[in-house]
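Structure below is structure_11.csv: CSV, C-alpha atoms and all ligand atoms.
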```
chain,number,residue,atom,x,y,z
X,28,MET,CA,6.3,18.0,11.2
X,29,ALA,CA,8.3,20.4,9.1
X,30,ARG,CA,10.7,17.7,7.9
X,31,TYR,CA,8.2,16.5,5.4
X,32,ASP,CA,7.9,18.2,2.0
X,33,ILE,CA,4.7,20.0,1.4
X,34,LYS,CA,3.4,18.9,-1.9
X,35,ASN,CA,0.1,19.6,-3.7
X,36,PHE,CA,-2.5,17.1,-4.7
X,37,THR,CA,-4.2,16.6,-8.0
X,38,ASP,CA,-8.0,16.3,-8.1
X,39,SER,CA,-7.7,12.5,-8.6
X,40,GLU,CA,-5.6,12.2,-5.5
X,41,VAL,CA,-8.0,14.2,-3.4
X,42,ASP,CA,-10.8,11.9,-4.7
X,43,TYR,CA,-8.6,8.8,-4.0
X,44,TYR,CA,-7.9,9.7,-0.4
X,45,SER,CA,-11.2,11.5,0.4
X,46,ARG,CA,-12.5,9.0,2.8
X,47,GLN,CA,-9.5,9.3,5.1
X,48,ILE,CA,-8.9,13.0,4.7
X,49,MET,CA,-12.3,13.5,6.3
X,50,LEU,CA,-11.3,11.3,9.3
X,51,LYS,CA,-11.0,13.1,12.6
X,52,ASN,CA,-7.2,13.8,13.2
X,53,MET,CA,-6.4,13.4,9.5
X,54,GLY,CA,-7.2,16.2,7.0
X,55,PHE,CA,-4.9,17.6,4.3
X,56,ASP,CA,-2.0,18.3,6.6
X,57,ALA,CA,-1.8,14.6,7.6
X,58,GLN,CA,-2.3,13.5,4.0
X,59,ARG,CA,0.6,15.8,3.0
X,60,ASN,CA,2.8,14.2,5.7
X,61,LEU,CA,2.0,10.8,4.3
X,62,LYS,CA,2.8,11.9,0.8
X,63,GLY,CA,6.2,13.3,1.9
X,64,ALA,CA,7.1,10.3,3.9
X,65,THR,CA,9.4,7.3,3.1
X,66,VAL,CA,8.6,4.0,4.8
X,67,CYS,CA,11.0,1.1,4.6
X,68,ILE,CA,9.2,-2.3,4.8
X,69,VAL,CA,11.7,-5.0,5.5
X,70,GLY,CA,10.0,-8.3,4.6
X,71,VAL,CA,7.1,-8.4,2.2
X,72,GLY,CA,5.8,-11.8,3.2
X,73,GLY,CA,2.9,-12.6,5.4
X,74,LEU,CA,3.0,-9.3,7.5
X,75,GLY,CA,4.5,-7.2,4.7
X,76,SER,CA,1.6,-8.0,2.4
X,77,PRO,CA,-1.2,-6.3,4.4
X,78,VAL,CA,1.2,-3.6,5.6
X,79,SER,CA,2.3,-2.6,2.1
X,80,ILE,CA,-1.2,-2.8,0.6
X,81,GLN,CA,-2.6,-0.5,3.3
X,82,LEU,CA,0.3,2.0,3.3
X,83,ALA,CA,0.3,2.2,-0.5
X,84,SER,CA,-3.4,2.8,-0.7
X,85,MET,CA,-3.3,5.4,2.1
X,86,GLY,CA,-0.8,7.4,0.1
X,87,VAL,CA,2.6,7.0,1.8
X,88,GLY,CA,4.7,8.8,-0.9
X,89,THR,CA,7.6,6.4,-1.0
X,90,LEU,CA,7.6,2.8,0.0
X,91,ARG,CA,10.9,1.0,0.0
X,92,LEU,CA,10.4,-2.8,-0.1
X,93,VAL,CA,13.2,-5.1,1.0
X,94,ASP,CA,13.1,-8.9,0.6
X,95,ASN,CA,15.3,-11.5,-1.0
X,96,ASP,CA,12.5,-14.1,-1.5
X,97,ILE,CA,10.8,-15.4,-4.6
X,98,VAL,CA,7.0,-15.8,-4.9
X,99,GLU,CA,6.1,-19.5,-4.2
X,100,VAL,CA,2.8,-21.3,-4.5
X,101,SER,CA,2.9,-22.0,-0.7
X,102,ASN,CA,2.9,-18.2,-0.1
X,103,LEU,CA,-0.4,-17.4,-1.7
X,104,GLN,CA,-2.7,-18.6,1.1
X,105,ARG,CA,-1.6,-15.6,3.2
X,106,GLN,CA,0.5,-13.2,1.1
X,107,HIS,CA,-2.2,-11.5,-0.7
X,108,LEU,CA,0.1,-9.1,-2.5
X,109,TYR,CA,0.8,-11.9,-5.0
X,110,GLY,CA,-1.0,-13.9,-7.6
X,111,ILE,CA,-0.4,-17.3,-9.0
X,112,ASP,CA,0.9,-15.8,-12.3
X,113,GLN,CA,3.8,-14.2,-10.3
X,114,VAL,CA,5.2,-17.5,-8.9
X,115,GLY,CA,9.0,-17.5,-9.5
X,116,LEU,CA,9.4,-13.7,-9.6
X,117,PRO,CA,11.3,-11.8,-6.9
X,118,LYS,CA,8.7,-10.7,-4.3
X,119,VAL,CA,9.8,-7.1,-4.4
X,120,GLU,CA,9.3,-6.9,-8.2
X,121,ALA,CA,5.9,-8.6,-8.0
X,122,ALA,CA,4.9,-6.3,-5.1
X,123,ALA,CA,6.1,-3.1,-6.8
X,124,LYS,CA,3.9,-3.9,-9.8
X,125,ARG,CA,0.9,-4.8,-7.7
X,126,LEU,CA,1.2,-1.7,-5.5
X,127,LYS,CA,1.7,0.7,-8.5
X,128,GLY,CA,-1.4,-0.8,-9.9
X,129,LEU,CA,-3.2,-0.1,-6.7
X,130,ASN,CA,-2.0,3.5,-6.3
X,131,PRO,CA,-0.2,5.2,-9.2
X,132,PHE,CA,0.4,8.4,-7.1
X,133,ILE,CA,3.2,6.9,-5.0
X,134,ASP,CA,6.8,5.7,-5.6
X,135,ILE,CA,8.0,2.2,-4.9
X,136,GLU,CA,11.6,1.3,-4.4
X,137,PRO,CA,12.1,-2.5,-4.7
X,138,LEU,CA,15.3,-3.8,-3.2
X,139,PRO,CA,15.9,-7.6,-3.7
X,140,MET,CA,18.2,-7.9,-0.7
X,141,MET,CA,18.6,-9.6,2.6
X,142,VAL,CA,19.3,-7.4,5.6
X,143,THR,CA,22.7,-8.1,7.1
X,144,PRO,CA,24.9,-6.4,9.8
X,145,PHE,CA,26.8,-4.9,6.8
X,146,ASN,CA,24.0,-3.4,4.8
X,147,ALA,CA,21.2,-2.6,7.3
X,148,GLU,CA,22.1,1.1,7.6
X,149,GLU,CA,22.4,1.7,3.9
X,150,ILE,CA,19.0,0.0,3.4
X,151,ILE,CA,17.1,2.1,5.8
X,152,LYS,CA,18.9,5.4,5.3
X,153,GLY,CA,16.5,8.3,4.6
X,154,SER,CA,13.4,6.6,5.8
X,155,ASP,CA,11.0,8.2,8.3
X,156,VAL,CA,9.7,4.9,9.7
X,157,VAL,CA,11.1,1.3,9.4
X,158,ILE,CA,8.9,-1.7,9.6
X,159,GLY,CA,10.4,-5.0,10.6
X,160,SER,CA,8.0,-7.6,9.2
X,161,LEU,CA,10.5,-10.4,9.2
X,162,ASP,CA,10.5,-14.1,10.3
X,163,MET,CA,14.0,-14.4,11.6
X,164,MET,CA,15.9,-12.9,14.6
X,165,ALA,CA,19.3,-12.2,13.0
X,166,PRO,CA,18.0,-9.6,10.5
X,167,ARG,CA,15.6,-8.2,13.1
X,168,TYR,CA,18.7,-7.4,15.3
X,169,SER,CA,20.5,-5.9,12.4
X,170,LEU,CA,17.5,-3.6,11.8
X,171,ASN,CA,17.2,-2.7,15.4
X,172,ARG,CA,20.8,-1.7,15.7
X,173,ALA,CA,20.7,0.3,12.4
X,174,CYS,CA,17.5,2.1,13.6
X,175,GLN,CA,19.1,3.0,16.9
X,176,LYS,CA,22.2,4.3,15.2
X,177,LEU,CA,20.3,6.4,12.6
X,178,ASP,CA,17.5,7.4,15.0
X,179,ILE,CA,14.6,6.1,13.0
X,180,PRO,CA,11.5,4.7,14.6
X,181,LEU,CA,11.1,0.9,14.1
X,182,ILE,CA,7.7,-0.9,14.3
X,183,HIS,CA,8.5,-4.5,15.1
X,184,GLY,CA,5.9,-7.2,14.2
X,185,ALA,CA,5.9,-10.9,14.4
X,186,ALA,CA,3.2,-13.6,13.7
X,187,LEU,CA,3.2,-17.4,13.7
X,188,ALA,CA,0.4,-20.0,13.9
X,189,TYR,CA,-2.4,-18.1,15.7
X,190,ASN,CA,-0.3,-15.7,17.6
X,191,GLY,CA,1.2,-12.3,17.0
X,192,THR,CA,3.2,-9.5,18.7
X,193,VAL,CA,3.7,-5.8,17.9
X,194,SER,CA,5.9,-3.1,19.5
X,195,THR,CA,7.0,0.4,18.6
X,196,ILE,CA,10.6,1.3,19.2
X,197,LEU,CA,11.6,4.9,19.4
X,198,PRO,CA,15.4,5.3,19.6
X,199,GLY,CA,16.5,7.2,22.6
X,200,GLU,CA,13.1,7.0,24.2
X,201,THR,CA,11.8,3.5,24.5
X,202,ALA,CA,13.2,0.0,25.0
X,203,CYS,CA,14.9,-1.4,21.9
X,204,LEU,CA,14.3,-4.9,20.5
X,205,GLU,CA,17.3,-6.2,22.3
X,206,CYS,CA,16.2,-4.8,25.7
X,207,PHE,CA,13.3,-7.3,25.7
X,208,GLN,CA,14.1,-10.0,23.1
X,209,GLY,CA,17.9,-10.1,22.8
X,210,GLY,CA,20.1,-13.1,22.2
X,211,VAL,CA,17.5,-15.4,20.6
X,212,ASP,CA,19.0,-17.9,18.3
X,213,ASP,CA,17.1,-18.5,15.0
X,214,ALA,CA,18.0,-22.2,15.2
X,215,GLU,CA,15.8,-22.6,18.3
X,216,MET,CA,12.8,-20.7,16.8
X,217,PRO,CA,9.8,-22.5,15.2
X,218,THR,CA,9.0,-21.3,11.6
X,219,CYS,CA,5.9,-21.0,9.5
X,220,ALA,CA,7.1,-24.0,7.5
X,221,THR,CA,6.9,-26.1,10.7
X,222,VAL,CA,3.9,-24.8,12.5
X,223,GLY,CA,1.9,-22.9,9.9
X,224,VAL,CA,0.3,-19.4,10.0
X,225,HIS,CA,-3.3,-18.3,9.9
X,226,PRO,CA,-3.8,-15.4,7.5
X,227,ALA,CA,-6.2,-13.6,9.9
X,228,ILE,CA,-3.5,-13.1,12.5
X,229,LEU,CA,-1.3,-11.5,9.8
X,230,GLY,CA,-4.1,-9.1,8.9
X,231,ILE,CA,-4.6,-8.0,12.5
X,232,VAL,CA,-0.9,-7.6,13.3
X,233,GLY,CA,-0.3,-5.9,9.9
X,234,SER,CA,-3.2,-3.4,10.6
X,235,LEU,CA,-1.7,-2.5,14.0
X,236,ILE,CA,1.7,-1.9,12.3
X,237,VAL,CA,0.0,0.4,9.8
X,238,SER,CA,-1.9,2.3,12.5
X,239,GLU,CA,1.3,2.9,14.5
X,240,THR,CA,3.2,3.9,11.3
X,241,VAL,CA,0.6,6.4,10.3
X,242,ARG,CA,0.4,7.9,13.8
X,243,ILE,CA,4.1,8.6,13.8
X,244,ILE,CA,4.1,10.1,10.3
X,245,ILE,CA,1.2,12.4,11.1
X,246,GLY,CA,2.6,13.5,14.4
X,247,GLN,CA,0.5,11.5,16.9
X,248,GLU,CA,1.8,9.5,19.8
X,249,PRO,CA,2.1,5.9,18.8
X,250,ASN,CA,0.1,3.6,21.1
X,251,LEU,CA,2.6,0.8,21.5
X,252,ALA,CA,5.8,2.8,22.4
X,253,ASP,CA,7.4,1.0,25.3
X,254,LYS,CA,4.7,-1.6,25.0
X,255,LEU,CA,4.5,-5.1,23.6
X,256,MET,CA,1.1,-6.3,22.5
X,257,PHE,CA,0.3,-10.0,22.3
X,258,LEU,CA,-2.5,-11.2,20.2
X,259,ASP,CA,-4.1,-14.7,20.3
X,260,LEU,CA,-6.5,-15.7,17.6
X,261,GLU,CA,-7.6,-18.8,19.5
X,262,ASP,CA,-9.4,-16.9,22.3
X,263,TYR,CA,-9.2,-13.4,20.9
X,264,SER,CA,-7.2,-12.2,23.8
X,265,PHE,CA,-5.2,-9.0,23.2
X,266,GLU,CA,-2.8,-8.3,26.1
X,267,THR,CA,-0.3,-5.5,26.4
X,268,ILE,CA,2.7,-5.5,28.7
X,269,ASN,CA,4.8,-2.4,29.6
X,270,LEU,CA,8.5,-2.5,28.5
X,271,ARG,CA,11.4,-0.5,30.0
X,272,LYS,CA,14.7,0.3,28.5
X,273,ALA,CA,17.2,-2.1,30.0
X,274,GLU,CA,20.1,-0.2,31.6
X,275,ASN,CA,22.5,-2.9,30.7
X,276,CYS,CA,21.3,-3.4,27.1
X,277,PRO,CA,24.4,-3.7,25.0
X,278,VAL,CA,22.7,-1.8,22.1
X,279,CYS,CA,20.8,1.1,23.7
X,280,GLY,CA,22.0,1.1,27.3
X,281,GLU,CA,24.3,3.7,28.9
X,282,MET,CA,26.9,1.2,30.1
X,283,ASP,CA,29.1,1.4,27.1
X,284,LYS,CA,28.9,-2.3,26.4
X,285,THR,CA,29.8,-3.8,23.0
X,286,PRO,CA,26.9,-5.9,21.6
X,287,GLU,CA,27.6,-9.4,20.5
X,288,PRO,CA,28.1,-9.5,16.8
X,289,ILE,CA,25.1,-10.7,14.8
X,290,ALA,CA,25.5,-14.1,13.1
X,291,TYR,CA,26.2,-13.8,9.4
X,292,ASP,CA,27.0,-16.6,7.0
X,293,ALA,CA,27.6,-16.1,3.3
X,294,VAL,CA,25.7,-19.4,2.8
X,295,THR,CA,22.7,-20.2,5.0
X,296,GLU,CA,20.4,-23.2,4.9
X,297,ILE,CA,16.6,-22.7,5.1
X,298,CYS,CA,14.1,-25.5,5.7
X,299,GLY,CA,13.2,-27.2,2.4
X,300,ARG,CA,10.4,-29.5,1.4
X,301,GLU,CA,10.6,-33.3,1.4
X,302,GLY,CA,14.2,-33.5,2.6
X,303,ARG,CA,15.6,-31.5,-0.3
X,304,ARG,CA,17.9,-28.9,1.0
X,305,VAL,CA,17.7,-25.2,0.2
X,306,PHE,CA,20.7,-22.8,0.4
X,307,ILE,CA,20.8,-19.1,0.2
X,308,PHE,CA,24.0,-17.4,-1.0
X,309,ASN,CA,24.2,-13.8,0.1
X,310,PRO,CA,27.2,-11.8,-1.1
X,311,GLU,CA,28.7,-9.4,1.5
X,312,ARG,CA,28.5,-6.6,-1.0
X,313,ARG,CA,25.6,-5.9,-3.2
X,314,MET,CA,26.1,-6.8,-6.9
X,315,ASP,CA,24.4,-5.5,-10.0
X,316,LEU,CA,24.3,-8.6,-12.2
X,317,PRO,CA,23.5,-8.3,-15.9
X,318,LEU,CA,20.5,-10.7,-16.0
X,319,GLU,CA,20.7,-11.4,-19.7
X,320,GLU,CA,24.2,-12.8,-19.1
X,321,VAL,CA,23.0,-14.7,-16.1
X,322,ASN,CA,20.3,-16.4,-18.2
X,323,ALA,CA,22.7,-17.2,-20.9
X,324,GLN,CA,25.1,-18.8,-18.4
X,325,LEU,CA,22.2,-20.8,-16.8
X,326,ASN,CA,21.3,-22.1,-20.3
X,327,SER,CA,24.9,-23.1,-21.1
X,328,LEU,CA,25.0,-25.1,-17.8
X,329,GLY,CA,21.9,-27.0,-18.9
X,330,PHE,CA,19.4,-25.2,-16.8
X,331,LYS,CA,16.1,-24.0,-18.1
X,332,VAL,CA,15.2,-20.4,-17.2
X,333,VAL,CA,11.5,-20.5,-16.4
X,334,VAL,CA,10.8,-17.0,-15.1
X,335,LYS,CA,12.7,-13.9,-16.4
X,336,GLY,CA,12.0,-10.9,-14.2
X,337,ASP,CA,13.6,-7.5,-14.2
X,338,LEU,CA,15.2,-8.1,-10.8
X,339,GLY,CA,15.8,-11.9,-10.9
X,340,SER,CA,15.5,-15.1,-12.8
X,341,THR,CA,14.2,-18.5,-11.7
X,342,PHE,CA,15.5,-21.7,-13.3
X,343,GLU,CA,15.0,-25.5,-13.2
X,344,GLY,CA,17.4,-28.3,-13.9
X,345,SER,CA,17.2,-32.1,-13.9
X,346,ASP,CA,16.7,-34.3,-10.8
X,347,GLY,CA,14.8,-31.7,-8.8
X,348,VAL,CA,17.4,-28.9,-8.7
X,349,LYS,CA,16.0,-25.5,-9.1
X,350,GLY,CA,16.8,-21.9,-8.0
X,351,SER,CA,16.7,-18.2,-8.5
X,352,ILE,CA,19.4,-15.6,-9.0
X,353,LEU,CA,18.7,-12.0,-8.0
X,354,LYS,CA,20.2,-8.9,-9.6
X,355,THR,CA,21.8,-8.0,-6.3
X,356,GLY,CA,23.8,-11.3,-6.4
X,357,ILE,CA,21.7,-13.4,-4.0
X,358,ALA,CA,21.2,-17.0,-5.1
X,359,ILE,CA,18.6,-19.4,-3.8
X,360,LEU,CA,19.5,-22.9,-4.7
X,361,GLU,CA,17.2,-25.8,-3.9
X,362,GLY,CA,17.0,-29.6,-4.2
X,363,PHE,CA,20.5,-30.8,-3.0
X,364,GLN,CA,21.5,-33.6,-0.8
X,365,GLU,CA,24.8,-31.9,0.3
X,366,LYS,CA,25.9,-28.4,0.7
X,367,ASP,CA,29.0,-29.0,-1.4
X,368,GLU,CA,26.8,-29.7,-4.5
X,369,ALA,CA,25.1,-26.3,-4.1
X,370,VAL,CA,28.4,-24.5,-3.6
X,371,GLY,CA,29.7,-26.2,-6.7
X,372,ILE,CA,26.7,-25.1,-8.8
X,373,HIS,CA,26.9,-21.6,-7.4
X,374,GLY,CA,30.6,-21.4,-8.4
X,375,ARG,CA,29.8,-22.5,-11.9
X,376,ILE,CA,27.0,-20.0,-12.4
X,377,PHE,CA,28.9,-17.0,-10.9
X,378,SER,CA,32.4,-17.8,-12.2
X,379,ALA,CA,31.5,-16.6,-15.7
X,380,LEU,CA,29.8,-13.4,-14.3
X,381,GLU,CA,32.5,-11.9,-12.2
X,401,ZN,ZN,18.1,-1.8,24.2
```
Could you write out this file's structure as structure tokens?
Ligand SMILES: [Zn+2]
Amino acid sequence: MARYDIKNFTDSEVDYYSRQIMLKNMGFDAQRNLKGATVCIVGVGGLGSPVSIQLASMGVGTLRLVDNDIVEVSNLQRQHLYGIDQVGLPKVEAAAKRLKGLNPFIDIEPLPMMVTPFNAEEIIKGSDVVIGSLDMMAPRYSLNRACQKLDIPLIHGAALAYNGTVSTILPGETACLECFQGGVDDAEMPTCATVGVHPAILGIVGSLIVSETVRIIIGQEPNLADKLMFLDLEDYSFETINLRKAENCPVCGEMDKTPEPIAYDAVTEICGREGRRVFIFNPERRMDLPLEEVNAQLNSLGFKVVVKGDLGSTFEGSDGVKGSILKTGIAILEGFQEKDEAVGIHGRIFSALE
């Protein structure tokens, strides 16, 4: 695979990776391919945790981490990238620190962003493999279309409760996500906040994603191309069905159809706890907020900034209102009865910044 740079290794790196360099089908060439590769992991939650830990320690040279979430206490049961001392920090910031500590020989690019139809291509540009470790359909579709357009392999994984699925999508060769799972509305899907998720299924699905990713980078055939694997932790059944490119697929088919636009709202509601509503404000264009000024503005509005990160701040107010502002302009505001209240607070925080 000549498209990867050939770089040399220090003695420490050779020592670090020695137990995989000796593996059959690996060796120094494969290790060099890993070092020269950029993998974009979209979603560093339940699946992104085992995926990013393994790919970092295996020596993928550049890991681009994309997530707009903040570390919460309810994440820690399964998202083993994070510790309780990181609650309130942007996940990508906490993850970058942890992964750099695990392997100092690689580069991490943390992007505190949400994937939308407008930014998906910019986010994945330049990566050799994209991993979709998300929990919603709309951003999965945006990723799928961007990967088709830029001709980048996409490993799609999903897990909920005791079940998981994995598939490898090779643009121009295999079925795309919308050939076999198109048109699903997020409003009709269960979430981990409603049905829970067992950490072990995340570990298994995550490991399969890693194996597929590494196979592609080192030039082996992926095992799940044009296949969809179902895993069930309740009876340990692993079943694989064959997929086929749908001729009439609006995204990858040959019939010159225009795909339905992907739902995008500048303000979305996610499920909150105890009837307190949570809203995410996502600007259409990425911002670069001066966080010192954000913190000063929050203070002047009577909020207490409780976590000051490099890529975002988390604050608390009176009567259960709290939230986070990310450097990219995303705001997560929690604890409201009505959407209008959240919109009002958002306006007051941002009016002084723009
Ligand atoms: Zn398709």
Mind listing the residues within 9 Å of ligand ZN 401 (chain X), all atoms listed in the file counted, as a list in words?
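Residues lying within 9 Å of ligand ZN 401 (chain X): Asn171, Arg172, Gln175, Pro198, Thr201, Ala202, Cys203, Leu204, Glu205, Cys206, Phe207, Gly209, Arg271, Lys272, Ala273, Glu274, Asn275, Cys276, Pro277, Val278, Cys279 and Gly280 of chain X.
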Please identify all polymer residues within 9 Å of X:Lys354, counting all atoms listed in the file, omitting same-chain residues fewer than 5 positions from it, and present them as a list in words.
Pro139, Arg313, Met314, Asp315, Leu316, Pro317, Leu318, Asp337, Leu338, Gly339 and Ser340 of chain X
Please determine, counting all atoms listed in the file, which residue among X:Thr89, X:Gln208, X:Gln113, X:Asn95 has the shortest atom-to-atom distance to X:Asp134.
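Of all the options, X:Thr89 lies closest to X:Asp134.
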To one decimal in Å, tell me the separation between atom CA of X:Asp367 and atom CA of X:Glu311.
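The value is 19.8 Å.
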I want to know what sits within 7 Å of X:Asn269, based on all atoms listed in the file, with residues of the same chain fewer than 3 positions away left out; could you give that as JSON, numbers by chain?
{"X": [253, 254, 255]}
List the neighbours of stretch 345-347 of chain X out to 8 Å using all atoms listed in the file; skip same-chain residues closer than 2 positions along the sequence, and give me the result as a VMD selection string.
chain X and resid 330 343 349 362
Please provide the set of residues having any atom within 8 Å of X:Lys62, restricted to only C-alpha atoms, with same-chain residues fewer than 4 positions apart removed, written as a list of chain:residue names.
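Everything that qualifies: X:Lys34, X:Gln58, X:Gly86, X:Val87, X:Gly88, X:Thr89, X:Ile133.
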Name the residues, using the chain letters and numbers of the file, that sit within 10 Å of (-2.1, 9.4, 11.3) when counting all atoms listed in the file, and give them as a CSV table (one decimal) with C-alpha atoms, keeping the file's coordinate frame.
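Wrote it out as point.csv, contents follow:
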```csv
chain,number,residue,atom,x,y,z
X,47,GLN,CA,-9.5,9.3,5.1
X,50,LEU,CA,-11.3,11.3,9.3
X,51,LYS,CA,-11.0,13.1,12.6
X,52,ASN,CA,-7.2,13.8,13.2
X,53,MET,CA,-6.4,13.4,9.5
X,54,GLY,CA,-7.2,16.2,7.0
X,57,ALA,CA,-1.8,14.6,7.6
X,58,GLN,CA,-2.3,13.5,4.0
X,60,ASN,CA,2.8,14.2,5.7
X,61,LEU,CA,2.0,10.8,4.3
X,237,VAL,CA,0.0,0.4,9.8
X,238,SER,CA,-1.9,2.3,12.5
X,239,GLU,CA,1.3,2.9,14.5
X,240,THR,CA,3.2,3.9,11.3
X,241,VAL,CA,0.6,6.4,10.3
X,242,ARG,CA,0.4,7.9,13.8
X,243,ILE,CA,4.1,8.6,13.8
X,244,ILE,CA,4.1,10.1,10.3
X,245,ILE,CA,1.2,12.4,11.1
X,246,GLY,CA,2.6,13.5,14.4
X,247,GLN,CA,0.5,11.5,16.9
X,248,GLU,CA,1.8,9.5,19.8
X,249,PRO,CA,2.1,5.9,18.8
```
For the atom pair atom CA of X:Ile357 and atom CA of X:Pro310, what is the interatomic distance in Å to one decimal place?
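That distance, rounded to one decimal, is 6.4 Å.
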Near stretch 98-101 of chain X, counting only C-alpha atoms, which residues have an atom at most 10 Å away, once you skip same-chain residues fewer than 4 positions from it, shown as a PDB file with C-alpha atoms, in the frame of the given file?
```
ATOM      1  CA  GLY X  72       5.800 -11.800   3.200  1.00  0.00           C
ATOM      2  CA  ARG X 105      -1.600 -15.600   3.200  1.00  0.00           C
ATOM      3  CA  GLN X 106       0.500 -13.200   1.100  1.00  0.00           C
ATOM      4  CA  LEU X 108       0.100  -9.100  -2.500  1.00  0.00           C
ATOM      5  CA  TYR X 109       0.800 -11.900  -5.000  1.00  0.00           C
ATOM      6  CA  GLY X 110      -1.000 -13.900  -7.600  1.00  0.00           C
ATOM      7  CA  ILE X 111      -0.400 -17.300  -9.000  1.00  0.00           C
ATOM      8  CA  ASP X 112       0.900 -15.800 -12.300  1.00  0.00           C
ATOM      9  CA  GLN X 113       3.800 -14.200 -10.300  1.00  0.00           C
ATOM     10  CA  VAL X 114       5.200 -17.500  -8.900  1.00  0.00           C
ATOM     11  CA  GLY X 115       9.000 -17.500  -9.500  1.00  0.00           C
ATOM     12  CA  LEU X 116       9.400 -13.700  -9.600  1.00  0.00           C
ATOM     13  CA  PRO X 117      11.300 -11.800  -6.900  1.00  0.00           C
ATOM     14  CA  LYS X 118       8.700 -10.700  -4.300  1.00  0.00           C
ATOM     15  CA  VAL X 119       9.800  -7.100  -4.400  1.00  0.00           C
ATOM     16  CA  GLU X 120       9.300  -6.900  -8.200  1.00  0.00           C
ATOM     17  CA  ALA X 121       5.900  -8.600  -8.000  1.00  0.00           C
ATOM     18  CA  ALA X 122       4.900  -6.300  -5.100  1.00  0.00           C
ATOM     19  CA  ALA X 220       7.100 -24.000   7.500  1.00  0.00           C
TER      20      ALA X 220
END
```
Would you please work out which residue, of X:Ile289, X:Leu353, X:Leu325, X:Met164, is nearest to X:Gly374 when using only C-alpha atoms?
X:Leu325
Nearest to X:Asn322: which of X:Tyr291, X:Phe363, X:Phe377, X:Phe306 is it, counting all atoms listed in the file?
X:Phe377
Output file: stretch 144-155 of chain X, N, CA, C and O atoms, as a tab-separated table (two decimals), in the first residue's frame:
```tsv
chain	number	residue	atom	x	y	z
X	144	PRO	N	-25.05	16.95	7.76
X	144	PRO	CA	-24.90	16.86	6.30
X	144	PRO	C	-23.92	17.91	5.76
X	144	PRO	O	-23.35	17.74	4.69
X	145	PHE	N	-23.73	18.99	6.50
X	145	PHE	CA	-22.90	20.09	5.99
X	145	PHE	C	-21.40	19.90	6.26
X	145	PHE	O	-20.58	20.42	5.54
X	146	ASN	N	-21.08	19.19	7.34
X	146	ASN	CA	-19.66	19.13	7.69
X	146	ASN	C	-19.03	17.74	7.57
X	146	ASN	O	-17.85	17.58	7.84
X	147	ALA	N	-19.82	16.72	7.20
X	147	ALA	CA	-19.31	15.34	7.23
X	147	ALA	C	-18.07	15.16	6.36
X	147	ALA	O	-17.09	14.53	6.77
X	148	GLU	N	-18.09	15.76	5.16
X	148	GLU	CA	-16.93	15.58	4.27
X	148	GLU	C	-15.68	16.24	4.82
X	148	GLU	O	-14.59	15.67	4.78
X	149	GLU	N	-15.87	17.45	5.34
X	149	GLU	CA	-14.72	18.17	5.92
X	149	GLU	C	-14.12	17.36	7.09
X	149	GLU	O	-12.90	17.28	7.26
X	150	ILE	N	-15.01	16.74	7.88
X	150	ILE	CA	-14.55	16.00	9.06
X	150	ILE	C	-13.73	14.77	8.68
X	150	ILE	O	-12.72	14.48	9.29
X	151	ILE	N	-14.17	14.05	7.65
X	151	ILE	CA	-13.49	12.78	7.34
X	151	ILE	C	-12.37	12.93	6.32
X	151	ILE	O	-11.60	11.98	6.10
X	152	LYS	N	-12.26	14.09	5.69
X	152	LYS	CA	-11.29	14.29	4.62
X	152	LYS	C	-9.88	13.87	5.06
X	152	LYS	O	-9.46	14.21	6.16
X	153	GLY	N	-9.19	13.14	4.21
X	153	GLY	CA	-7.81	12.76	4.51
X	153	GLY	C	-7.67	11.51	5.34
X	153	GLY	O	-6.56	11.06	5.60
X	154	SER	N	-8.79	10.90	5.76
X	154	SER	CA	-8.62	9.67	6.55
X	154	SER	C	-8.63	8.44	5.64
X	154	SER	O	-9.18	8.46	4.54
X	155	ASP	N	-7.95	7.40	6.10
X	155	ASP	CA	-7.86	6.16	5.33
X	155	ASP	C	-9.01	5.22	5.63
X	155	ASP	O	-9.41	4.42	4.79
```
